[in-house]
$ cat query_36.txt   # compact mmCIF, C-alpha atoms and all ligand atoms
# COMPACT_ATOMS: atom_id res chain seq x y z
CA MET A 1 -22.09 2.84 22.02
CA THR A 2 -22.44 4.20 18.51
CA GLN A 3 -21.94 7.89 17.75
CA SER A 4 -23.70 9.18 14.64
CA ARG A 5 -23.87 12.19 12.35
CA PRO A 6 -26.80 13.83 10.53
CA ALA A 7 -27.94 12.33 7.22
CA GLY A 8 -26.42 13.93 4.10
CA PRO A 9 -26.87 13.67 0.33
CA GLY A 10 -26.73 9.86 0.29
CA GLY A 11 -29.36 9.52 2.99
CA PHE A 12 -26.78 8.29 5.53
CA GLY A 13 -24.44 11.26 5.09
CA PHE A 14 -22.59 9.90 2.05
CA ASP A 15 -22.65 10.55 -1.69
CA ALA A 16 -22.78 7.25 -3.58
CA ARG A 17 -21.71 9.00 -6.78
CA VAL A 18 -18.21 9.65 -5.45
CA ALA A 19 -15.74 6.87 -4.65
CA HIS A 20 -14.61 6.50 -1.04
CA PRO A 21 -11.53 4.69 0.35
CA ALA A 22 -13.53 2.27 2.53
CA ARG A 23 -15.75 1.18 -0.36
CA VAL A 24 -12.97 0.91 -2.98
CA TYR A 25 -11.04 -1.21 -0.47
CA ASP A 26 -14.18 -3.31 0.04
CA TYR A 27 -14.33 -3.81 -3.75
CA TRP A 28 -10.67 -4.89 -3.86
CA LEU A 29 -11.45 -7.40 -1.11
CA GLY A 30 -14.37 -8.82 -3.10
CA GLY A 31 -17.03 -7.28 -0.81
CA LYS A 32 -20.53 -6.16 -1.79
CA ASP A 33 -20.74 -2.88 0.15
CA ASN A 34 -19.73 -0.56 -2.67
CA PHE A 35 -21.33 1.53 -5.40
CA ALA A 36 -20.73 1.99 -9.15
CA ALA A 37 -18.30 4.90 -8.50
CA ASP A 38 -16.25 2.69 -6.16
CA ARG A 39 -16.20 -0.18 -8.64
CA ILE A 40 -14.99 2.11 -11.44
CA ALA A 41 -12.21 3.45 -9.20
CA GLY A 42 -11.47 -0.15 -8.14
CA GLU A 43 -11.12 -1.39 -11.71
CA GLU A 44 -8.99 1.56 -12.84
CA THR A 45 -6.59 1.12 -9.92
CA ILE A 46 -6.42 -2.64 -10.48
CA ALA A 47 -5.46 -1.95 -14.11
CA ALA A 48 -2.58 0.23 -12.89
CA TYR A 49 -1.38 -2.15 -10.16
CA PRO A 50 -2.94 -5.61 -10.63
CA ALA A 51 -1.57 -6.91 -7.30
CA ILE A 52 -3.68 -4.42 -5.32
CA ARG A 53 -6.35 -7.04 -4.54
CA ALA A 54 -3.76 -9.47 -3.18
CA SER A 55 -2.17 -6.58 -1.31
CA ALA A 56 -5.49 -5.70 0.37
CA ARG A 57 -5.92 -9.34 1.42
CA ALA A 58 -2.35 -9.36 2.73
CA ASN A 59 -3.19 -6.29 4.79
CA ARG A 60 -6.16 -8.09 6.39
CA ALA A 61 -3.91 -11.07 7.13
CA PHE A 62 -1.38 -8.70 8.74
CA LEU A 63 -4.19 -7.25 10.88
CA ALA A 64 -5.19 -10.74 12.04
CA ARG A 65 -1.59 -11.81 12.79
CA SER A 66 -0.76 -8.63 14.70
CA VAL A 67 -3.99 -8.64 16.75
CA ARG A 68 -3.45 -12.33 17.56
CA TYR A 69 0.11 -11.59 18.62
CA LEU A 70 -1.01 -8.70 20.84
CA ALA A 71 -3.80 -10.72 22.48
CA ALA A 72 -2.06 -14.09 22.78
CA GLU A 73 1.55 -13.14 23.43
CA ALA A 74 1.60 -9.55 24.67
CA GLY A 75 -1.46 -9.85 26.92
CA ILE A 76 -3.33 -6.88 25.40
CA ARG A 77 -7.02 -6.87 26.27
CA GLN A 78 -8.17 -3.58 24.76
CA PHE A 79 -7.90 -2.33 21.21
CA LEU A 80 -8.52 0.98 19.45
CA ASP A 81 -8.95 0.30 15.72
CA ILE A 82 -8.88 3.63 13.85
CA GLY A 83 -9.86 3.52 10.17
CA THR A 84 -11.81 0.32 10.69
CA GLY A 85 -13.22 -0.02 7.19
CA LEU A 86 -16.39 -1.90 6.31
CA PRO A 87 -16.96 -5.08 8.27
CA THR A 88 -15.35 -8.08 6.61
CA ALA A 89 -13.79 -11.37 7.72
CA SER A 90 -11.61 -11.48 10.85
CA ASN A 91 -12.47 -8.08 12.25
CA THR A 92 -10.30 -6.96 15.17
CA HIS A 93 -12.81 -7.96 17.88
CA GLU A 94 -13.30 -11.40 16.35
CA VAL A 95 -9.56 -12.15 16.36
CA ALA A 96 -8.93 -10.64 19.82
CA GLN A 97 -11.96 -12.26 21.46
CA SER A 98 -11.13 -15.65 19.91
CA VAL A 99 -7.98 -15.47 22.06
CA ALA A 100 -9.35 -13.56 25.07
CA PRO A 101 -13.17 -13.22 25.16
CA GLU A 102 -12.93 -10.40 27.70
CA SER A 103 -11.19 -8.11 25.17
CA ARG A 104 -12.71 -4.65 24.67
CA ILE A 105 -12.57 -3.01 21.24
CA VAL A 106 -13.40 0.50 20.05
CA TYR A 107 -13.73 0.97 16.29
CA VAL A 108 -13.33 4.42 14.72
CA ASP A 109 -14.01 5.55 11.15
CA ASN A 110 -15.14 8.74 9.45
CA ASP A 111 -17.11 7.07 6.62
CA PRO A 112 -20.88 7.29 7.16
CA LEU A 113 -21.32 3.99 5.30
CA VAL A 114 -19.08 2.25 7.84
CA LEU A 115 -21.29 3.80 10.51
CA ALA A 116 -24.35 2.42 8.71
CA HIS A 117 -22.79 -1.07 8.89
CA ALA A 118 -21.47 -0.70 12.42
CA ARG A 119 -23.96 -3.18 13.84
CA ALA A 120 -21.89 -5.98 12.30
CA LEU A 121 -18.93 -4.76 14.37
CA LEU A 122 -20.88 -4.68 17.62
CA THR A 123 -21.18 -8.44 18.02
CA SER A 124 -19.02 -8.70 21.09
CA SER A 125 -18.58 -11.78 23.23
CA ARG A 126 -20.57 -11.63 26.47
CA GLU A 127 -17.41 -11.15 28.53
CA GLY A 128 -15.98 -8.32 26.37
CA ALA A 129 -17.29 -5.19 24.67
CA THR A 130 -17.23 -3.45 21.30
CA ALA A 131 -18.11 0.14 20.47
CA TYR A 132 -18.10 2.24 17.34
CA LEU A 133 -17.17 5.93 17.06
CA ASP A 134 -17.98 8.08 14.04
CA ALA A 135 -14.84 10.20 14.34
CA ASP A 136 -11.80 11.45 12.45
CA LEU A 137 -8.17 10.50 13.04
CA ARG A 138 -7.31 14.19 12.68
CA ASP A 139 -9.09 14.78 16.00
CA VAL A 140 -7.13 12.49 18.31
CA ASP A 141 -8.39 14.17 21.47
CA ALA A 142 -12.05 13.56 20.56
CA ILE A 143 -11.27 9.90 19.79
CA LEU A 144 -9.49 9.38 23.10
CA GLU A 145 -12.18 11.16 25.07
CA GLN A 146 -14.96 9.02 23.57
CA ALA A 147 -12.95 5.78 23.60
CA ALA A 148 -12.50 6.22 27.35
CA GLY A 149 -16.19 5.30 27.69
CA THR A 150 -15.26 1.71 26.75
CA LEU A 151 -11.50 1.40 27.31
CA ASP A 152 -9.46 1.97 30.44
CA LEU A 153 -6.85 4.34 29.06
CA THR A 154 -4.64 3.95 32.14
CA GLN A 155 -3.94 0.37 30.96
CA PRO A 156 -2.04 -0.71 27.80
CA VAL A 157 -3.98 -0.50 24.56
CA GLY A 158 -3.34 -1.99 21.13
CA VAL A 159 -3.87 0.82 18.62
CA MET A 160 -4.48 -0.35 15.05
CA LEU A 161 -3.77 2.16 12.26
CA LEU A 162 -4.06 -0.03 9.22
CA ALA A 163 -4.14 1.54 5.78
CA ILE A 164 -5.31 4.89 7.18
CA LEU A 165 -2.28 7.16 7.57
CA HIS A 166 -1.89 7.22 3.78
CA TYR A 167 -5.14 9.23 3.73
CA ILE A 168 -3.43 12.01 5.69
CA PRO A 169 -1.46 13.55 2.82
CA ASP A 170 0.20 16.31 4.88
CA LEU A 171 3.23 14.56 6.40
CA ASP A 172 3.62 17.11 9.20
CA GLN A 173 -0.01 16.61 10.16
CA ALA A 174 0.42 12.82 10.12
CA ARG A 175 3.47 13.15 12.38
CA ARG A 176 1.62 15.46 14.76
CA ILE A 177 -1.23 12.94 14.95
CA MET A 178 1.23 10.18 15.85
CA THR A 179 3.00 12.34 18.45
CA ARG A 180 -0.31 13.21 20.12
CA LEU A 181 -1.61 9.64 20.01
CA VAL A 182 1.58 7.98 21.24
CA GLY A 183 2.01 10.67 23.89
CA ALA A 184 -1.46 9.98 25.29
CA LEU A 185 -1.13 6.18 25.43
CA PRO A 186 -0.10 4.46 28.64
CA SER A 187 3.34 2.82 28.67
CA GLY A 188 3.26 -0.77 27.48
CA SER A 189 0.73 0.08 24.73
CA PHE A 190 1.31 -1.11 21.18
CA VAL A 191 0.79 0.68 17.87
CA THR A 192 0.36 -1.28 14.64
CA ILE A 193 0.68 0.56 11.33
CA SER A 194 0.34 -0.42 7.70
CA HIS A 195 0.87 2.16 4.99
CA ALA A 196 0.90 2.36 1.16
CA ALA A 197 4.46 2.30 -0.17
CA SER A 198 5.94 4.67 -2.72
CA ASP A 199 9.11 2.54 -2.96
CA ILE A 200 7.60 -0.87 -3.72
CA SER A 201 6.79 -1.22 -7.45
CA PRO A 202 7.17 2.59 -7.53
CA GLU A 203 5.92 3.29 -11.04
CA ALA A 204 2.85 1.08 -10.84
CA MET A 205 2.04 2.40 -7.35
CA ALA A 206 2.40 6.03 -8.46
CA GLU A 207 -0.04 5.39 -11.30
CA MET A 208 -2.41 3.47 -9.02
CA ILE A 209 -2.46 6.33 -6.49
CA LYS A 210 -2.90 8.94 -9.24
CA ARG A 211 -5.95 7.07 -10.58
CA MET A 212 -7.36 6.60 -7.07
CA ASN A 213 -7.11 10.34 -6.42
CA GLN A 214 -8.96 11.09 -9.65
CA HIS A 215 -11.98 9.42 -8.04
CA LEU A 216 -11.76 10.42 -4.37
CA ALA A 217 -13.55 13.60 -3.28
CA GLU A 218 -10.54 14.65 -1.20
CA ALA A 219 -7.86 13.26 -3.61
CA ASN A 220 -5.95 12.48 -0.43
CA HIS A 221 -4.24 9.12 -1.07
CA VAL A 222 -0.43 9.17 -0.77
CA GLY A 223 2.33 6.58 -0.77
CA ARG A 224 5.41 6.95 1.46
CA THR A 225 8.83 5.36 1.66
CA ARG A 226 9.78 2.75 4.21
CA ASP A 227 11.96 5.28 6.08
CA VAL A 228 9.12 7.78 6.38
CA VAL A 229 6.75 5.05 7.59
CA ALA A 230 9.38 3.93 10.12
CA GLY A 231 9.42 7.53 11.39
CA PHE A 232 5.77 7.16 12.49
CA PHE A 233 7.08 4.78 15.17
CA ASP A 234 9.17 7.50 16.84
CA GLY A 235 8.89 7.15 20.61
CA LEU A 236 8.09 3.43 20.33
CA ASN A 237 10.31 0.34 20.41
CA LEU A 238 9.84 -1.49 17.11
CA LEU A 239 9.20 -5.19 17.46
CA GLU A 240 11.06 -7.60 15.23
CA PRO A 241 11.24 -7.72 12.28
CA GLY A 242 10.78 -3.92 12.17
CA VAL A 243 9.04 -2.12 9.32
CA VAL A 244 8.73 -4.64 6.49
CA LYS A 245 6.31 -5.58 3.74
CA VAL A 246 3.14 -6.60 5.58
CA THR A 247 3.49 -10.09 4.15
CA GLN A 248 6.85 -10.39 5.92
CA TRP A 249 5.71 -9.39 9.40
CA ARG A 250 5.84 -12.74 11.21
CA PRO A 251 4.31 -14.64 8.29
CA ALA A 252 2.59 -17.96 8.86
CA SER A 253 4.36 -19.56 5.91
CA ASP A 254 6.99 -18.94 3.25
CA ILE A 255 4.19 -18.67 0.72
CA GLU A 256 2.60 -15.83 2.71
CA ALA A 257 5.99 -14.11 3.11
CA GLY A 258 6.55 -14.16 -0.66
CA GLY A 259 3.09 -12.84 -1.59
CA PRO A 260 2.67 -9.49 -3.37
CA THR A 261 1.99 -6.34 -1.40
CA SER A 262 2.37 -2.59 -1.73
CA LEU A 263 2.18 -1.88 2.00
CA TRP A 264 4.79 -1.37 4.69
CA GLY A 265 3.84 -2.54 8.17
CA GLY A 266 5.18 -2.82 11.67
CA VAL A 267 4.32 -2.94 15.37
CA GLY A 268 5.87 -0.74 18.06
CA ARG A 269 5.58 -0.69 21.81
CA LYS A 270 5.58 2.36 24.06
CA PRO A 271 8.46 1.82 26.46
CA LEU A 272 7.92 1.39 30.17
CA PRO A 273 9.62 3.82 32.54
CA ALA A 274 13.01 2.36 33.56
CA TRP A 275 11.92 1.95 37.21
CA SER A 276 8.64 0.24 36.41
CA PRO A 277 7.87 -3.48 36.70
CA ASP A 278 6.40 -4.79 33.45
CA PRO A 279 2.62 -5.25 33.80
CA ALA A 280 2.60 -7.40 30.65
CA GLY A 281 4.91 -9.94 32.32
CA SER A 282 6.25 -12.41 29.77
CA ALA A 283 5.33 -10.03 26.96
CA VAL A 284 8.73 -8.36 27.36
CA SER A 285 10.58 -11.54 26.59
CA ALA A 286 8.11 -12.17 23.78
CA VAL A 287 9.12 -8.83 22.32
CA ARG A 288 12.84 -9.00 22.98
CA GLY A 289 13.38 -12.69 22.60
CA GLY A 290 11.12 -13.15 19.61
CA THR A 291 8.47 -15.78 20.23
CA ARG A 292 7.95 -15.52 16.49
CA ARG A 293 7.63 -18.88 14.83
CA ARG A 294 9.78 -19.00 11.73
CA PRO A 295 8.01 -19.98 8.52
CA GLY A 296 8.20 -23.71 7.94
CA LEU A 297 8.92 -24.60 11.56
CA PRO A 298 6.27 -26.35 13.68
CA ARG A 299 4.22 -24.26 16.11
CA ARG A 300 5.62 -24.39 19.63
CA GLY A 301 3.50 -25.90 22.34
CA ARG A 302 4.08 -23.05 24.76
CA THR A 303 5.24 -19.46 24.77
CA ARG A 304 8.97 -18.93 25.13
CA THR A 305 9.61 -16.99 28.30
CA ARG A 306 13.42 -16.84 28.31
CA PRO A 307 15.31 -14.33 26.15
CA ARG A 308 16.81 -16.06 23.13
CA ARG A 309 19.61 -13.56 22.61
CA ARG A 310 22.26 -13.16 25.22
CA CYS A 311 25.61 -11.62 25.91
CA ALA A 312 28.62 -13.83 26.73
CA CYS A 313 28.62 -12.66 30.34
CA SER A 314 27.21 -14.88 33.05
CA ALA A 315 24.35 -12.56 34.08
CA ARG A 316 20.97 -14.03 33.18
CA PRO A 317 19.37 -12.03 31.73
CA CYS A 318 22.25 -9.77 30.72
CA ARG A 319 21.56 -6.05 31.02
CA ARG A 320 24.52 -4.94 28.86
CA ARG A 321 23.72 -3.40 25.50
CA ARG A 322 25.42 -4.76 22.41
CA PRO A 323 27.39 -1.92 20.77
CA GLY A 324 26.59 -1.16 17.16
CA ARG A 325 23.19 -2.90 17.22
CA PRO A 326 20.10 -0.68 17.19
CA ASP A 327 18.21 -3.28 19.20
CA GLY A 328 21.19 -3.81 21.52
CA LEU A 329 20.61 -7.56 21.50
CA TRP A 330 22.85 -10.61 21.60
CA ARG A 331 22.18 -14.01 20.19
CA ARG A 332 23.28 -17.19 21.94
CA SER A 333 25.15 -19.55 19.61
CA SER A 334 25.27 -22.76 21.65
CA GLY A 335 25.92 -23.88 25.22
CA ARG A 336 26.94 -21.08 27.56
CA ARG A 337 28.86 -18.93 25.06
CA ALA A 338 27.26 -16.14 23.11
CA THR A 339 28.31 -14.50 19.87
CA PRO A 340 27.17 -11.34 18.16
CA ARG A 341 24.75 -11.84 15.31
C1 LIG B 401 -8.31 1.20 3.27
S1 LIG B 401 -9.48 1.22 4.55
C2 LIG B 401 -8.64 0.21 5.77
C3 LIG B 401 -9.58 -0.61 6.62
C4 LIG B 401 -8.91 -1.45 7.68
N1 LIG B 401 -8.18 -0.63 8.63
C5 LIG B 401 -7.96 -2.44 7.07
O1 LIG B 401 -6.76 -2.16 7.03
O2 LIG B 401 -8.38 -3.50 6.62
C6 LIG B 401 -9.18 2.85 5.22
C7 LIG B 401 -10.24 3.28 6.20
O3 LIG B 401 -9.81 4.46 6.86
C8 LIG B 401 -10.91 5.34 6.93
N2 LIG B 401 -10.37 6.71 7.04
C9 LIG B 401 -9.66 7.39 6.13
N3 LIG B 401 -9.31 8.58 6.61
C10 LIG B 401 -9.83 8.67 7.85
C11 LIG B 401 -9.79 9.67 8.88
N4 LIG B 401 -9.16 10.83 8.70
N5 LIG B 401 -10.41 9.41 10.05
C12 LIG B 401 -11.07 8.22 10.25
N6 LIG B 401 -11.11 7.24 9.32
C13 LIG B 401 -10.51 7.46 8.14
C14 LIG B 401 -11.69 5.11 5.67
O4 LIG B 401 -13.04 5.53 5.79
C15 LIG B 401 -11.55 3.59 5.53
O5 LIG B 401 -12.60 2.94 6.18

$ encode --input "query_36.txt" --output "structure tokens"
Amino acid sequence: MTQSRPAGPGGFGFDARVAHPARVYDYWLGGKDNFAADRIAGEETIAAYPAIRASARANRAFLARSVRYLAAEAGIRQFLDIGTGLPTASNTHEVAQSVAPESRIVYVDNDPLVLAHARALLTSSREGATAYLDADLRDVDAILEQAAGTLDLTQPVGVMLLAILHYIPDLDQARRIMTRLVGALPSGSFVTISHAASDISPEAMAEMIKRMNQHLAEANHVGRTRDVVAGFFDGLNLLEPGVVKVTQWRPASDIEAGGPTSLWGGVGRKPLPAWSPDPAGSAVSAVRGGTRRRPGLPRRGRTRTRPRRRCACSARPCRRRRPGRPDGLWRRSSGRRATPR
């Protein structure tokens, strides 16, 4: 399924003389699907914040790690990737279907050039499915209505919002989008967000964003603080380690964790009703107990299914909340005793 729009000034509905976020990002990533205007914007922004290329690569690595987590550990089998960008390495369907070939993925973007390249995103495994929607994040209802042609929206979905919310400059509008989207998702769904930071290398980032906006038709790029980005997860339970630099979200190595980035990122889960059994099964303990492999430690042979953090009481698992901790969790020290972290 590919939805399209009428051709515009560029022949495919785009104007190659004006830089566009998807194509500047492609330039930062070393891609070839960009025009002179995008390359000029790319170079000027690199001059303001030289780590932007590494930051874009770190964002792709965060996408791959979070999708792999959702498919392998949380049991998610359907993804809605809004603000897909131009096809590159490790697209969402490739990562998800490498874990679970039956995964179904709907891509959404409003850039006609992404639409023109959508065929590269529609290379699903035989068991799964991929679809592309030419749609705008600002119209959540249209996205959900069309995505329902491929996804079962009564079952948990992994929504990917990577490096897109910072193109919604009106904060109230961005919050309304999140409220509508999260409200419509079934319980047990996950939302992954990455977002340009205004409080990481603030001066260089402010200059980078200013230069970017000088080239974008809509001049709509904004950076936001970690607290504001964390607010986009309202109504969701944030997974560990919370909203962090994207390099520090469950990094594969200490080197990855220490890499440069100008993006905040996190993953949240829509809570299940209190009375409901968890359809994701061991995913709950994966979320609460942290199946995360710490950098430098060997990969475990199997998924941890028991909670790692516990109260000192004898109930297993303990249902008491730990006072003073936002996550309400306890960590076991050794043997049968437990101590607060
Ligand atoms: C920086 S790229 C990010 C690509 C990919 N998500 C990633 O993180 O690697 C941002 C993408 O969001 C798209 N985008 C920006 N605003 C959008 C909107 N309102 N609706 C749909 N897509 C949008 C752009 O066209 C671009 O492809």

$ atom_distance --input "query_36.txt" --atom1 "CA of Pro202 in chain A" --atom2 "CA of Glu218 in chain A"
22.3 Å

$ closest_atom_pairs --input "query_36.txt" --of "chain A" --to "ligand LIG 401 (chain B)" --cutoff "7 Å" --atoms "only C-alpha atoms and all ligand atoms" --output "JSON lines"
{"residue": "A:Pro21", "atom": "CA", "partner": "B:LIG401", "partner_atom": "C15", "distance": 5.3}
{"residue": "A:Ala22", "atom": "CA", "partner": "B:LIG401", "partner_atom": "O5", "distance": 3.8}
{"residue": "A:Tyr25", "atom": "CA", "partner": "B:LIG401", "partner_atom": "C1", "distance": 5.2}
{"residue": "A:Asn59", "atom": "CA", "partner": "B:LIG401", "partner_atom": "O1", "distance": 5.9}
{"residue": "A:Arg60", "atom": "CA", "partner": "B:LIG401", "partner_atom": "O2", "distance": 5.1}
{"residue": "A:Leu63", "atom": "CA", "partner": "B:LIG401", "partner_atom": "O1", "distance": 6.9}
{"residue": "A:Ile82", "atom": "CA", "partner": "B:LIG401", "partner_atom": "N6", "distance": 6.2}
{"residue": "A:Gly83", "atom": "CA", "partner": "B:LIG401", "partner_atom": "O3", "distance": 3.4}
{"residue": "A:Thr84", "atom": "CA", "partner": "B:LIG401", "partner_atom": "N1", "distance": 4.3}
{"residue": "A:Gly85", "atom": "CA", "partner": "B:LIG401", "partner_atom": "O5", "distance": 3.2}
{"residue": "A:Leu86", "atom": "CA", "partner": "B:LIG401", "partner_atom": "O5", "distance": 6.1}
{"residue": "A:Val108", "atom": "CA", "partner": "B:LIG401", "partner_atom": "C12", "distance": 6.3}
{"residue": "A:Asp109", "atom": "CA", "partner": "B:LIG401", "partner_atom": "N6", "distance": 3.8}
{"residue": "A:Asn110", "atom": "CA", "partner": "B:LIG401", "partner_atom": "C12", "distance": 4.2}
{"residue": "A:Asp111", "atom": "CA", "partner": "B:LIG401", "partner_atom": "O4", "distance": 4.4}
{"residue": "A:Val114", "atom": "CA", "partner": "B:LIG401", "partner_atom": "O5", "distance": 6.7}
{"residue": "A:Ala135", "atom": "CA", "partner": "B:LIG401", "partner_atom": "C12", "distance": 5.9}
{"residue": "A:Asp136", "atom": "CA", "partner": "B:LIG401", "partner_atom": "N5", "distance": 3.4}
{"residue": "A:Leu137", "atom": "CA", "partner": "B:LIG401", "partner_atom": "N5", "distance": 3.9}
{"residue": "A:Arg138", "atom": "CA", "partner": "B:LIG401", "partner_atom": "N4", "distance": 5.5}
{"residue": "A:Leu161", "atom": "CA", "partner": "B:LIG401", "partner_atom": "N1", "distance": 6.4}
{"residue": "A:Leu162", "atom": "CA", "partner": "B:LIG401", "partner_atom": "O1", "distance": 4.1}
{"residue": "A:Ala163", "atom": "CA", "partner": "B:LIG401", "partner_atom": "C2", "distance": 4.7}
{"residue": "A:Ile164", "atom": "CA", "partner": "B:LIG401", "partner_atom": "O3", "distance": 4.5}
{"residue": "A:Tyr167", "atom": "CA", "partner": "B:LIG401", "partner_atom": "N3", "distance": 5.1}
{"residue": "A:Ile168", "atom": "CA", "partner": "B:LIG401", "partner_atom": "N4", "distance": 6.6}

$ closest_residue --input "query_36.txt" --among "A:Lys210, A:Arg224, A:Arg175, A:Arg269" --to "Thr45 in chain A" --atoms "all atoms listed in the file"
A:Lys210

$ residues_around --input "query_36.txt" --residues "Val140 in chain A" --least-positions-apart "2" --cutoff "10 Å" --atoms "only C-alpha atoms" --output "VMD selection string"
chain A and resid 135 to 138 142 to 145 176 to 178 180 to 181 184

$ closest_residue --input "query_36.txt" --among "A:Ser189, A:Gln78, A:Ser55, A:Gln155" --to "Gly258 in chain A" --atoms "only C-alpha atoms"
A:Ser55

$ residues_around --input "query_36.txt" --residues "His93 in chain A" --least-positions-apart "6" --cutoff "12 Å" --atoms "only C-alpha atoms" --output "JSON, numbers by chain"
{"A": [63, 64, 67, 68, 71, 77, 78, 79, 80, 81, 84, 87, 99, 100, 101, 102, 103, 104, 105, 106, 107, 120, 121, 122, 123, 124, 125, 128, 129, 130, 131, 132, 158, 160]}

$ residues_around --input "query_36.txt" --residues "Val191 in chain A" --least-positions-apart "6" --cutoff "6 Å" --atoms "all atoms listed in the file" --output "list in words"
Gly158, Val159, Val267 and Gly268 of chain A

$ closest_residue --input "query_36.txt" --among "A:Gly223, A:Gly188, A:Asp134, A:Thr261" --to "Ala274 in chain A" --atoms "all atoms listed in the file"
A:Gly188

$ closest_residue --input "query_36.txt" --among "A:Pro260, A:Ser98, A:Asp15, A:Leu151" --to "Pro112 in chain A" --atoms "only C-alpha atoms"
A:Asp15

$ closest_residue --input "query_36.txt" --among "A:Pro251, A:Pro50, A:Pro169, A:Pro186" --to "Thr154 in chain A" --atoms "all atoms listed in the file"
A:Pro186

$ closest_residue --input "query_36.txt" --among "A:Pro271, A:Val222, A:Ile209, A:Ser90" --to "Phe190 in chain A" --atoms "all atoms listed in the file"
A:Pro271

$ atom_distance --input "query_36.txt" --atom1 "CA of Arg226 in chain A" --atom2 "CA of Thr192 in chain A"
14.6 Å

$ atom_distance --input "query_36.txt" --atom1 "CA of Gly183 in chain A" --atom2 "CA of Phe233 in chain A"
11.7 Å

$ residues_around --input "query_36.txt" --residues "range 29-35 of chain A" --least-positions-apart "4" --cutoff "8 Å" --atoms "all atoms listed in the file" --output "PyMOL selection string"
chain A and resi 16-17+19+23-25+39+53+56-57+86+88

$ axis_aligned_box --input "query_36.txt" --around "range 164-178 of chain A" --padding-each-side "4 Å" --output "JSON"
{"center_x": -0.8, "center_y": 11.0, "center_z": 9.3, "size_x": 16.9, "size_y": 20.2, "size_z": 21.0}
